[in-house]
file target.json (JSON, N, CA and C atoms)
[["chain", "number", "residue", "atom", "x", "y", "z"],
["A", 198, "MET", "N", 39.81, 36.61, -44.40],
["A", 198, "MET", "CA", 39.02, 37.67, -44.95],
["A", 198, "MET", "C", 38.40, 37.16, -46.24],
["A", 199, "PHE", "N", 37.18, 37.52, -46.49],
["A", 199, "PHE", "CA", 36.46, 37.13, -47.69],
["A", 199, "PHE", "C", 36.05, 38.38, -48.44],
["A", 200, "LEU", "N", 36.43, 38.45, -49.70],
["A", 200, "LEU", "CA", 36.05, 39.58, -50.53],
["A", 200, "LEU", "C", 35.19, 39.07, -51.67],
["A", 201, "PRO", "N", 33.92, 39.44, -51.71],
["A", 201, "PRO", "CA", 33.08, 38.97, -52.81],
["A", 201, "PRO", "C", 33.53, 39.59, -54.12],
["A", 202, "ALA", "N", 33.45, 38.83, -55.16],
["A", 202, "ALA", "CA", 33.81, 39.32, -56.48],
["A", 202, "ALA", "C", 32.71, 40.24, -56.98],
["A", 203, "SER", "N", 33.08, 41.20, -57.80],
["A", 203, "SER", "CA", 32.07, 42.09, -58.37],
["A", 203, "SER", "C", 31.34, 41.36, -59.49],
["A", 204, "ASN", "N", 30.22, 41.91, -59.87],
["A", 204, "ASN", "CA", 29.47, 41.34, -60.98],
["A", 204, "ASN", "C", 30.02, 41.77, -62.33],
["A", 205, "GLY", "N", 30.95, 42.71, -62.32],
["A", 205, "GLY", "CA", 31.53, 43.20, -63.56],
["A", 205, "GLY", "C", 32.58, 42.26, -64.09],
["A", 206, "PRO", "N", 33.10, 42.56, -65.27],
["A", 206, "PRO", "CA", 34.14, 41.70, -65.86],
["A", 206, "PRO", "C", 35.42, 41.76, -65.05],
["A", 207, "ARG", "N", 36.13, 40.64, -64.99],
["A", 207, "ARG", "CA", 37.39, 40.59, -64.25],
["A", 207, "ARG", "C", 38.50, 41.28, -65.01],
["A", 208, "ILE", "N", 38.38, 41.36, -66.30],
["A", 208, "ILE", "CA", 39.51, 41.84, -67.08],
["A", 208, "ILE", "C", 39.28, 43.28, -67.54],
["A", 209, "LYS", "N", 40.15, 44.15, -67.10],
["A", 209, "LYS", "CA", 40.21, 45.54, -67.57],
["A", 209, "LYS", "C", 41.56, 45.64, -68.28],
["A", 210, "GLU", "N", 42.51, 46.40, -67.69],
["A", 210, "GLU", "CA", 43.86, 46.40, -68.23],
["A", 210, "GLU", "C", 44.49, 45.03, -68.04],
["A", 211, "SER", "N", 44.08, 44.36, -66.97],
["A", 211, "SER", "CA", 44.57, 43.02, -66.65],
["A", 211, "SER", "C", 43.44, 42.27, -65.96],
["A", 212, "ASP", "N", 43.64, 40.99, -65.72],
["A", 212, "ASP", "CA", 42.72, 40.25, -64.86],
["A", 212, "ASP", "C", 43.15, 40.61, -63.46],
["A", 213, "ARG", "N", 42.49, 41.58, -62.87],
["A", 213, "ARG", "CA", 42.93, 42.14, -61.58],
["A", 213, "ARG", "C", 42.86, 41.12, -60.46],
["A", 214, "VAL", "N", 41.89, 40.24, -60.49],
["A", 214, "VAL", "CA", 41.80, 39.22, -59.46],
["A", 214, "VAL", "C", 43.04, 38.33, -59.52],
["A", 215, "ALA", "N", 43.40, 37.91, -60.73],
["A", 215, "ALA", "CA", 44.59, 37.07, -60.89],
["A", 215, "ALA", "C", 45.85, 37.85, -60.53],
["A", 216, "ALA", "N", 45.93, 39.12, -60.91],
["A", 216, "ALA", "CA", 47.12, 39.93, -60.61],
["A", 216, "ALA", "C", 47.28, 40.16, -59.10],
["A", 217, "VAL", "N", 46.19, 40.42, -58.40],
["A", 217, "VAL", "CA", 46.25, 40.61, -56.95],
["A", 217, "VAL", "C", 46.62, 39.29, -56.28],
["A", 218, "THR", "N", 46.02, 38.21, -56.73],
["A", 218, "THR", "CA", 46.33, 36.89, -56.17],
["A", 218, "THR", "C", 47.82, 36.59, -56.34],
["A", 219, "GLU", "N", 48.32, 36.75, -57.55],
["A", 219, "GLU", "CA", 49.74, 36.48, -57.82],
["A", 219, "GLU", "C", 50.64, 37.37, -56.98],
["A", 220, "GLY", "N", 50.35, 38.66, -56.94],
["A", 220, "GLY", "CA", 51.19, 39.59, -56.18],
["A", 220, "GLY", "C", 51.21, 39.28, -54.70],
["A", 221, "LEU", "N", 50.05, 38.99, -54.13],
["A", 221, "LEU", "CA", 50.00, 38.66, -52.70],
["A", 221, "LEU", "C", 50.75, 37.37, -52.42],
["A", 222, "GLN", "N", 50.59, 36.38, -53.28],
["A", 222, "GLN", "CA", 51.31, 35.12, -53.09],
["A", 222, "GLN", "C", 52.82, 35.35, -53.17],
["A", 223, "ARG", "N", 53.26, 36.17, -54.11],
["A", 223, "ARG", "CA", 54.69, 36.47, -54.22],
["A", 223, "ARG", "C", 55.21, 37.14, -52.94],
["A", 224, "MET", "N", 54.33, 37.87, -52.26],
["A", 224, "MET", "CA", 54.72, 38.57, -51.04],
["A", 224, "MET", "C", 54.53, 37.70, -49.80],
["A", 225, "GLY", "N", 54.19, 36.43, -49.99],
["A", 225, "GLY", "CA", 54.09, 35.50, -48.88],
["A", 225, "GLY", "C", 52.73, 35.44, -48.20],
["A", 226, "ILE", "N", 51.71, 35.97, -48.84],
["A", 226, "ILE", "CA", 50.36, 35.97, -48.27],
["A", 226, "ILE", "C", 49.58, 34.80, -48.85],
["A", 227, "ARG", "N", 48.91, 34.06, -47.98],
["A", 227, "ARG", "CA", 48.07, 32.95, -48.44],
["A", 227, "ARG", "C", 46.76, 33.51, -48.96],
["A", 228, "VAL", "N", 46.48, 33.22, -50.21],
["A", 228, "VAL", "CA", 45.29, 33.74, -50.86],
["A", 228, "VAL", "C", 44.85, 32.74, -51.93],
["A", 229, "ALA", "N", 43.55, 32.65, -52.12],
["A", 229, "ALA", "CA", 43.00, 31.77, -53.15],
["A", 229, "ALA", "C", 41.89, 32.50, -53.89],
["A", 230, "ALA", "N", 41.95, 32.44, -55.21],
["A", 230, "ALA", "CA", 40.91, 33.05, -56.04],
["A", 230, "ALA", "C", 40.02, 31.94, -56.57],
["A", 231, "GLU", "N", 38.73, 32.15, -56.43],
["A", 231, "GLU", "CA", 37.74, 31.23, -56.97],
["A", 231, "GLU", "C", 36.83, 32.03, -57.89],
["A", 232, "THR", "N", 35.87, 31.37, -58.48],
["A", 232, "THR", "CA", 35.00, 32.03, -59.45],
["A", 232, "THR", "C", 34.33, 33.28, -58.88],
["A", 233, "ASN", "N", 33.79, 33.19, -57.69],
["A", 233, "ASN", "CA", 33.02, 34.30, -57.13],
["A", 233, "ASN", "C", 33.59, 34.89, -55.85],
["A", 234, "ARG", "N", 34.83, 34.56, -55.54],
["A", 234, "ARG", "CA", 35.41, 35.12, -54.33],
["A", 234, "ARG", "C", 36.93, 35.05, -54.32],
["A", 235, "LEU", "N", 37.49, 35.90, -53.48],
["A", 235, "LEU", "CA", 38.92, 35.93, -53.22],
["A", 235, "LEU", "C", 39.07, 35.75, -51.71],
["A", 236, "THR", "N", 39.75, 34.71, -51.30],
["A", 236, "THR", "CA", 39.91, 34.42, -49.88],
["A", 236, "THR", "C", 41.36, 34.67, -49.48],
["A", 237, "VAL", "N", 41.55, 35.58, -48.53],
["A", 237, "VAL", "CA", 42.88, 35.90, -48.01],
["A", 237, "VAL", "C", 42.95, 35.34, -46.60],
["A", 238, "THR", "N", 43.87, 34.40, -46.38],
["A", 238, "THR", "CA", 43.97, 33.79, -45.06],
["A", 238, "THR", "C", 45.14, 34.31, -44.26],
["A", 239, "GLY", "N", 45.98, 35.10, -44.86],
["A", 239, "GLY", "CA", 46.99, 35.80, -44.09],
["A", 239, "GLY", "C", 48.42, 35.41, -44.37],
["A", 240, "GLY", "N", 49.27, 35.92, -43.52],
["A", 240, "GLY", "CA", 50.70, 35.76, -43.64],
["A", 240, "GLY", "C", 51.36, 37.11, -43.41],
["A", 241, "LYS", "N", 52.66, 37.10, -43.27],
["A", 241, "LYS", "CA", 53.40, 38.35, -43.09],
["A", 241, "LYS", "C", 53.99, 38.74, -44.45],
["A", 242, "PRO", "N", 53.57, 39.89, -45.00],
["A", 242, "PRO", "CA", 54.08, 40.27, -46.31],
["A", 242, "PRO", "C", 55.58, 40.53, -46.29],
["A", 243, "GLN", "N", 56.21, 40.17, -47.39],
["A", 243, "GLN", "CA", 57.64, 40.41, -47.55],
["A", 243, "GLN", "C", 57.87, 41.00, -48.93],
["A", 244, "GLY", "N", 59.00, 41.64, -49.11],
["A", 244, "GLY", "CA", 59.32, 42.24, -50.39],
["A", 244, "GLY", "C", 59.34, 41.20, -51.50],
["A", 245, "ALA", "N", 59.01, 41.64, -52.70],
["A", 245, "ALA", "CA", 58.94, 40.72, -53.84],
["A", 245, "ALA", "C", 58.99, 41.50, -55.14],
["A", 246, "LEU", "N", 59.20, 40.78, -56.22],
["A", 246, "LEU", "CA", 59.08, 41.34, -57.56],
["A", 246, "LEU", "C", 57.62, 41.20, -57.97],
["A", 247, "ILE", "N", 56.98, 42.33, -58.26],
["A", 247, "ILE", "CA", 55.56, 42.35, -58.61],
["A", 247, "ILE", "C", 55.42, 42.77, -60.07],
["A", 248, "ASP", "N", 54.69, 41.98, -60.83],
["A", 248, "ASP", "CA", 54.39, 42.30, -62.22],
["A", 248, "ASP", "C", 53.09, 43.11, -62.23],
["A", 249, "SER", "N", 53.17, 44.37, -62.63],
["A", 249, "SER", "CA", 51.98, 45.22, -62.65],
["A", 249, "SER", "C", 51.00, 44.81, -63.74],
["A", 250, "LYS", "N", 51.44, 43.97, -64.67],
["A", 250, "LYS", "CA", 50.61, 43.56, -65.81],
["A", 250, "LYS", "C", 50.19, 44.77, -66.65],
["A", 251, "GLY", "N", 50.93, 45.89, -66.49],
["A", 251, "GLY", "CA", 50.59, 47.10, -67.22],
["A", 251, "GLY", "C", 49.36, 47.80, -66.69],
["A", 252, "ASP", "N", 48.94, 47.45, -65.48],
["A", 252, "ASP", "CA", 47.71, 47.97, -64.88],
["A", 252, "ASP", "C", 48.07, 48.95, -63.76],
["A", 253, "HIS", "N", 47.66, 50.19, -63.94],
["A", 253, "HIS", "CA", 48.01, 51.25, -62.99],
["A", 253, "HIS", "C", 47.49, 50.96, -61.58],
["A", 254, "ARG", "N", 46.34, 50.36, -61.46],
["A", 254, "ARG", "CA", 45.80, 50.08, -60.12],
["A", 254, "ARG", "C", 46.63, 49.03, -59.39],
["A", 255, "ILE", "N", 47.09, 48.03, -60.12],
["A", 255, "ILE", "CA", 47.94, 46.99, -59.52],
["A", 255, "ILE", "C", 49.26, 47.61, -59.07],
["A", 256, "ALA", "N", 49.87, 48.42, -59.93],
["A", 256, "ALA", "CA", 51.14, 49.07, -59.59],
["A", 256, "ALA", "C", 51.01, 49.95, -58.35],
["A", 257, "MET", "N", 49.96, 50.75, -58.29],
["A", 257, "MET", "CA", 49.79, 51.65, -57.16],
["A", 257, "MET", "C", 49.49, 50.87, -55.87],
["A", 258, "ALA", "N", 48.63, 49.88, -55.94],
["A", 258, "ALA", "CA", 48.28, 49.11, -54.75],
["A", 258, "ALA", "C", 49.50, 48.40, -54.17],
["A", 259, "PHE", "N", 50.27, 47.73, -55.03],
["A", 259, "PHE", "CA", 51.42, 47.00, -54.53],
["A", 259, "PHE", "C", 52.58, 47.91, -54.14],
["A", 260, "SER", "N", 52.61, 49.13, -54.67],
["A", 260, "SER", "CA", 53.66, 50.05, -54.23],
["A", 260, "SER", "C", 53.43, 50.43, -52.76],
["A", 261, "LEU", "N", 52.18, 50.56, -52.36],
["A", 261, "LEU", "CA", 51.89, 50.89, -50.97],
["A", 261, "LEU", "C", 52.25, 49.74, -50.04],
["A", 262, "LEU", "N", 51.91, 48.53, -50.44],
["A", 262, "LEU", "CA", 52.30, 47.37, -49.63],
["A", 262, "LEU", "C", 53.81, 47.23, -49.62],
["A", 263, "GLY", "N", 54.43, 47.49, -50.77],
["A", 263, "GLY", "CA", 55.88, 47.43, -50.86],
["A", 263, "GLY", "C", 56.56, 48.47, -49.99],
["A", 264, "MET", "N", 55.94, 49.61, -49.82],
["A", 264, "MET", "CA", 56.50, 50.64, -48.96],
["A", 264, "MET", "C", 56.55, 50.13, -47.52],
["A", 265, "MET", "N", 55.59, 49.33, -47.13],
["A", 265, "MET", "CA", 55.55, 48.78, -45.78],
["A", 265, "MET", "C", 56.56, 47.65, -45.59],
["A", 266, "THR", "N", 56.78, 46.85, -46.62],
["A", 266, "THR", "CA", 57.65, 45.69, -46.49],
["A", 266, "THR", "C", 59.09, 45.96, -46.88],
["A", 267, "GLY", "N", 59.30, 46.91, -47.79],
["A", 267, "GLY", "CA", 60.63, 47.14, -48.34],
["A", 267, "GLY", "C", 60.98, 46.08, -49.37],
["A", 268, "ASN", "N", 62.09, 46.28, -50.04],
["A", 268, "ASN", "CA", 62.61, 45.32, -51.01],
["A", 268, "ASN", "C", 61.58, 44.84, -52.03],
["A", 269, "THR", "N", 60.76, 45.75, -52.52],
["A", 269, "THR", "CA", 59.75, 45.42, -53.51],
["A", 269, "THR", "C", 60.03, 46.17, -54.80],
["A", 270, "VAL", "N", 59.95, 45.44, -55.90],
["A", 270, "VAL", "CA", 60.15, 46.02, -57.23],
["A", 270, "VAL", "C", 58.84, 45.85, -57.99],
["A", 271, "ILE", "N", 58.35, 46.94, -58.57],
["A", 271, "ILE", "CA", 57.14, 46.91, -59.38],
["A", 271, "ILE", "C", 57.57, 46.97, -60.84],
["A", 272, "ASP", "N", 57.44, 45.85, -61.52],
["A", 272, "ASP", "CA", 57.78, 45.79, -62.94],
["A", 272, "ASP", "C", 56.65, 46.45, -63.74],
["A", 273, "GLY", "N", 57.01, 47.39, -64.60],
["A", 273, "GLY", "CA", 56.02, 48.10, -65.40],
["A", 273, "GLY", "C", 55.37, 49.25, -64.64],
["A", 274, "ALA", "N", 56.07, 49.77, -63.65],
["A", 274, "ALA", "CA", 55.52, 50.82, -62.78],
["A", 274, "ALA", "C", 55.14, 52.10, -63.52],
["A", 275, "GLU", "N", 55.73, 52.31, -64.69],
["A", 275, "GLU", "CA", 55.43, 53.53, -65.44],
["A", 275, "GLU", "C", 53.98, 53.60, -65.90],
["A", 276, "CYS", "N", 53.25, 52.51, -65.81],
["A", 276, "CYS", "CA", 51.85, 52.49, -66.26],
["A", 276, "CYS", "C", 50.96, 53.43, -65.44],
["A", 277, "VAL", "N", 51.42, 53.85, -64.25],
["A", 277, "VAL", "CA", 50.58, 54.74, -63.43],
["A", 277, "VAL", "C", 50.39, 56.10, -64.08],
["A", 278, "THR", "N", 51.26, 56.47, -65.01],
["A", 278, "THR", "CA", 51.11, 57.78, -65.66],
["A", 278, "THR", "C", 49.82, 57.87, -66.46],
["A", 279, "LYS", "N", 49.22, 56.75, -66.75],
["A", 279, "LYS", "CA", 47.95, 56.72, -67.49],
["A", 279, "LYS", "C", 46.86, 57.50, -66.76],
["A", 280, "THR", "N", 46.78, 57.34, -65.44],
["A", 280, "THR", "CA", 45.72, 57.99, -64.69],
["A", 280, "THR", "C", 46.20, 58.95, -63.61],
["A", 281, "TYR", "N", 47.47, 58.82, -63.20],
["A", 281, "TYR", "CA", 47.96, 59.61, -62.08],
["A", 281, "TYR", "C", 49.45, 59.90, -62.29],
["A", 282, "PRO", "N", 49.75, 60.81, -63.23],
["A", 282, "PRO", "CA", 51.15, 61.08, -63.58],
["A", 282, "PRO", "C", 52.02, 61.52, -62.40],
["A", 283, "GLU", "N", 51.42, 62.11, -61.38],
["A", 283, "GLU", "CA", 52.18, 62.60, -60.23],
["A", 283, "GLU", "C", 52.33, 61.54, -59.14],
["A", 284, "PHE", "N", 51.82, 60.34, -59.36],
["A", 284, "PHE", "CA", 51.78, 59.33, -58.31],
["A", 284, "PHE", "C", 53.13, 59.09, -57.65],
["A", 285, "TRP", "N", 54.18, 58.91, -58.44],
["A", 285, "TRP", "CA", 55.48, 58.57, -57.84],
["A", 285, "TRP", "C", 56.06, 59.74, -57.05],
["A", 286, "ASP", "N", 55.77, 60.98, -57.46],
["A", 286, "ASP", "CA", 56.20, 62.13, -56.66],
["A", 286, "ASP", "C", 55.47, 62.15, -55.33],
["A", 287, "VAL", "N", 54.17, 61.91, -55.34],
["A", 287, "VAL", "CA", 53.38, 61.86, -54.10],
["A", 287, "VAL", "C", 53.87, 60.71, -53.23],
["A", 288, "PHE", "N", 54.13, 59.57, -53.84],
["A", 288, "PHE", "CA", 54.63, 58.39, -53.13],
["A", 288, "PHE", "C", 55.94, 58.71, -52.40],
["A", 289, "LYS", "N", 56.85, 59.40, -53.09],
["A", 289, "LYS", "CA", 58.12, 59.80, -52.46],
["A", 289, "LYS", "C", 57.88, 60.76, -51.30],
["A", 290, "ASN", "N", 56.94, 61.69, -51.47],
["A", 290, "ASN", "CA", 56.63, 62.64, -50.40],
["A", 290, "ASN", "C", 56.05, 61.94, -49.17],
["A", 291, "LEU", "N", 55.45, 60.77, -49.35],
["A", 291, "LEU", "CA", 54.91, 60.00, -48.23],
["A", 291, "LEU", "C", 55.98, 59.12, -47.58],
["A", 292, "GLY", "N", 57.19, 59.15, -48.12],
["A", 292, "GLY", "CA", 58.28, 58.36, -47.55],
["A", 292, "GLY", "C", 58.66, 57.15, -48.36],
["A", 293, "GLY", "N", 57.99, 56.92, -49.49],
["A", 293, "GLY", "CA", 58.34, 55.80, -50.34],
["A", 293, "GLY", "C", 59.63, 56.05, -51.10],
["A", 294, "LYS", "N", 60.29, 55.00, -51.46],
["A", 294, "LYS", "CA", 61.52, 55.10, -52.23],
["A", 294, "LYS", "C", 61.23, 54.68, -53.67],
["A", 295, "VAL", "N", 61.70, 55.49, -54.60],
["A", 295, "VAL", "CA", 61.48, 55.23, -56.01],
["A", 295, "VAL", "C", 62.83, 55.23, -56.71],
["A", 296, "GLN", "N", 63.08, 54.17, -57.45],
["A", 296, "GLN", "CA", 64.29, 54.07, -58.25],
["A", 296, "GLN", "C", 63.85, 53.59, -59.63],
["A", 297, "THR", "N", 64.32, 54.25, -60.67],
["A", 297, "THR", "CA", 63.96, 53.86, -62.02],
["A", 297, "THR", "C", 65.16, 53.27, -62.73],
["A", 298, "ASP", "N", 64.88, 52.43, -63.71],
["A", 298, "ASP", "CA", 65.94, 51.89, -64.56],
["A", 298, "ASP", "C", 66.32, 52.94, -65.58],
["A", 299, "GLY", "N", 67.59, 53.01, -65.86],
["A", 299, "GLY", "CA", 68.03, 53.90, -66.94],
["A", 299, "GLY", "C", 68.42, 55.24, -66.55]]

call {"tool": "encode", "arguments": {"input": "target.json", "output": "structure tokens"}}
result
Amino acid sequence: MFLPASNGPRIKESDRVAAVTEGLQRMGIRVAAETNRLTVTGGKPQGALIDSKGDHRIAMAFSLLGMMTGNTVIDGAECVTKTYPEFWDVFKNLGGKVQTDG
């Protein structure tokens, strides 16, 4: 799969291209980021520790993939409250499992 990069800046809360690349690789997916594209060549996703980089979009995206694979931990998951405070309640209602530290 080929995903063209946007013309906008890569860095918002995080460098999302780098964060997605890292997260997918941690989950066993072959992916390569280049200047103007992200190439995903596949693999079977597996549970992993995902660093949200404090970015709500990264946390939410990988939580959905993690729900499919199981055994996934989203570090910094509380960042979703920035834009979607009810996200984890909705996620649980969809069948996702949520466990917090503390």

call {"tool": "select_by_dssp", "arguments": {"input": "target.json", "residues": "stretch 205-294 of chain A", "states": "strand (DSSP E)", "output": "ChimeraX atom specification"}}
result
/A:227-230,234-239,246-248,270-272

call {"tool": "residues_around", "arguments": {"input": "target.json", "residues": "A:Arg227", "least_positions_apart": "3", "cutoff": "6.5 Å", "atoms": "only N, CA and C atoms", "output": "ChimeraX atom specification"}}
result
/A:221-222,236-240

call {"tool": "write_last_selection", "arguments": {"input": "target.json", "atoms": "N, CA and C atoms", "output": "short mmCIF file (atom, residue, chain, number, x, y, z; two decimals), in the frame of the given file"}}
result
data_model
loop_
_atom_site.label_atom_id
_atom_site.label_comp_id
_atom_site.auth_asym_id
_atom_site.auth_seq_id
_atom_site.Cartn_x
_atom_site.Cartn_y
_atom_site.Cartn_z
N LEU A 221 50.05 38.99 -54.13
CA LEU A 221 50.00 38.66 -52.70
C LEU A 221 50.75 37.37 -52.42
N GLN A 222 50.59 36.38 -53.28
CA GLN A 222 51.31 35.12 -53.09
C GLN A 222 52.82 35.35 -53.17
N THR A 236 39.75 34.71 -51.30
CA THR A 236 39.91 34.42 -49.88
C THR A 236 41.36 34.67 -49.48
N VAL A 237 41.55 35.58 -48.53
CA VAL A 237 42.88 35.90 -48.01
C VAL A 237 42.95 35.34 -46.60
N THR A 238 43.87 34.40 -46.38
CA THR A 238 43.97 33.79 -45.06
C THR A 238 45.14 34.31 -44.26
N GLY A 239 45.98 35.10 -44.86
CA GLY A 239 46.99 35.80 -44.09
C GLY A 239 48.42 35.41 -44.37
N GLY A 240 49.27 35.92 -43.52
CA GLY A 240 50.70 35.76 -43.64
C GLY A 240 51.36 37.11 -43.41
#

call {"tool": "residues_around", "arguments": {"input": "target.json", "residues": "A:Ile247", "least_positions_apart": "5", "cutoff": "8 Å", "atoms": "all atoms listed in the file", "output": "list in words"}}
result
Glu219, Gly220, Leu221, Arg223, Met224, Ile255, Ala256, Phe259, Thr269, Val270, Ile271, Asp272, Gly273 and Ala274 of chain A

call {"tool": "closest_residue", "arguments": {"input": "target.json", "among": "A:Lys294, A:Lys289, A:Lys241, A:Lys279", "to": "A:Ile226", "atoms": "only C-alpha atoms"}}
result
A:Lys241

call {"tool": "select_by_dssp", "arguments": {"input": "target.json", "residues": "chain A", "states": "alpha helix (DSSP H)", "output": "count of residues only"}}
result
32

call {"tool": "closest_residue", "arguments": {"input": "target.json", "among": "A:Val214, A:Cys276, A:Leu291, A:Asp298", "to": "A:Leu235", "atoms": "all atoms listed in the file"}}
result
A:Val214

call {"tool": "residues_around", "arguments": {"input": "target.json", "residues": "A:Met257", "least_positions_apart": "2", "cutoff": "10 Å", "atoms": "only C-alpha atoms", "output": "ChimeraX atom specification"}}
result
/A:249,252-255,259-263,271,274,276-277,281,284-285,288

call {"tool": "atom_distance", "arguments": {"input": "target.json", "atom1": "atom N of A:Ala230", "atom2": "atom N of A:Met265"}}
result
23.2 Å

call {"tool": "build_atoms", "arguments": {"input": "target.json", "residues": "stretch 221-229 of chain A", "atoms": "all heavy atoms", "output": "short mmCIF file (atom, residue, chain, number, x, y, z; two decimals), in the coordinates of the input"}}
result
data_model
loop_
_atom_site.label_atom_id
_atom_site.label_comp_id
_atom_site.auth_asym_id
_atom_site.auth_seq_id
_atom_site.Cartn_x
_atom_site.Cartn_y
_atom_site.Cartn_z
N LEU A 221 50.05 38.99 -54.13
CA LEU A 221 50.00 38.66 -52.70
C LEU A 221 50.75 37.37 -52.42
O LEU A 221 51.48 37.28 -51.43
CB LEU A 221 48.55 38.56 -52.22
CG LEU A 221 47.80 39.89 -52.12
CD1 LEU A 221 46.33 39.65 -51.78
CD2 LEU A 221 48.44 40.82 -51.10
N GLN A 222 50.59 36.38 -53.28
CA GLN A 222 51.31 35.12 -53.09
C GLN A 222 52.82 35.35 -53.17
O GLN A 222 53.58 34.79 -52.37
CB GLN A 222 50.86 34.08 -54.11
CG GLN A 222 49.48 33.55 -53.82
CD GLN A 222 48.94 32.65 -54.91
OE1 GLN A 222 49.36 32.70 -56.07
NE2 GLN A 222 47.96 31.83 -54.55
N ARG A 223 53.26 36.17 -54.11
CA ARG A 223 54.69 36.47 -54.22
C ARG A 223 55.21 37.14 -52.94
O ARG A 223 56.37 36.99 -52.59
CB ARG A 223 54.97 37.38 -55.41
CG ARG A 223 54.91 36.66 -56.73
CD ARG A 223 55.14 37.66 -57.87
NE ARG A 223 55.20 36.97 -59.14
CZ ARG A 223 56.30 36.81 -59.85
NH1 ARG A 223 57.44 37.32 -59.43
NH2 ARG A 223 56.27 36.17 -60.98
N MET A 224 54.33 37.87 -52.26
CA MET A 224 54.72 38.57 -51.04
C MET A 224 54.53 37.70 -49.80
O MET A 224 54.71 38.17 -48.68
CB MET A 224 53.96 39.88 -50.92
CG MET A 224 54.36 40.87 -52.01
SD MET A 224 53.63 42.49 -51.81
CE MET A 224 55.01 43.34 -51.03
N GLY A 225 54.19 36.43 -49.99
CA GLY A 225 54.09 35.50 -48.88
C GLY A 225 52.73 35.44 -48.20
O GLY A 225 52.61 34.89 -47.10
N ILE A 226 51.71 35.97 -48.84
CA ILE A 226 50.36 35.97 -48.27
C ILE A 226 49.58 34.80 -48.85
O ILE A 226 49.58 34.58 -50.06
CB ILE A 226 49.63 37.29 -48.60
CG1 ILE A 226 50.43 38.49 -48.09
CG2 ILE A 226 48.21 37.29 -48.05
CD1 ILE A 226 50.64 38.52 -46.60
N ARG A 227 48.91 34.06 -47.98
CA ARG A 227 48.07 32.95 -48.44
C ARG A 227 46.76 33.51 -48.96
O ARG A 227 46.02 34.19 -48.23
CB ARG A 227 47.83 31.96 -47.29
CG ARG A 227 49.09 31.20 -46.91
CD ARG A 227 48.87 30.21 -45.78
NE ARG A 227 48.26 30.79 -44.59
CZ ARG A 227 48.92 31.44 -43.63
NH1 ARG A 227 50.23 31.60 -43.73
NH2 ARG A 227 48.30 31.94 -42.58
N VAL A 228 46.48 33.22 -50.21
CA VAL A 228 45.29 33.74 -50.86
C VAL A 228 44.85 32.74 -51.93
O VAL A 228 45.67 32.07 -52.53
CB VAL A 228 45.56 35.14 -51.47
CG1 VAL A 228 46.68 35.11 -52.47
CG2 VAL A 228 44.32 35.75 -52.07
N ALA A 229 43.55 32.65 -52.12
CA ALA A 229 43.00 31.77 -53.15
C ALA A 229 41.89 32.50 -53.89
O ALA A 229 41.02 33.11 -53.28
CB ALA A 229 42.46 30.49 -52.52
#
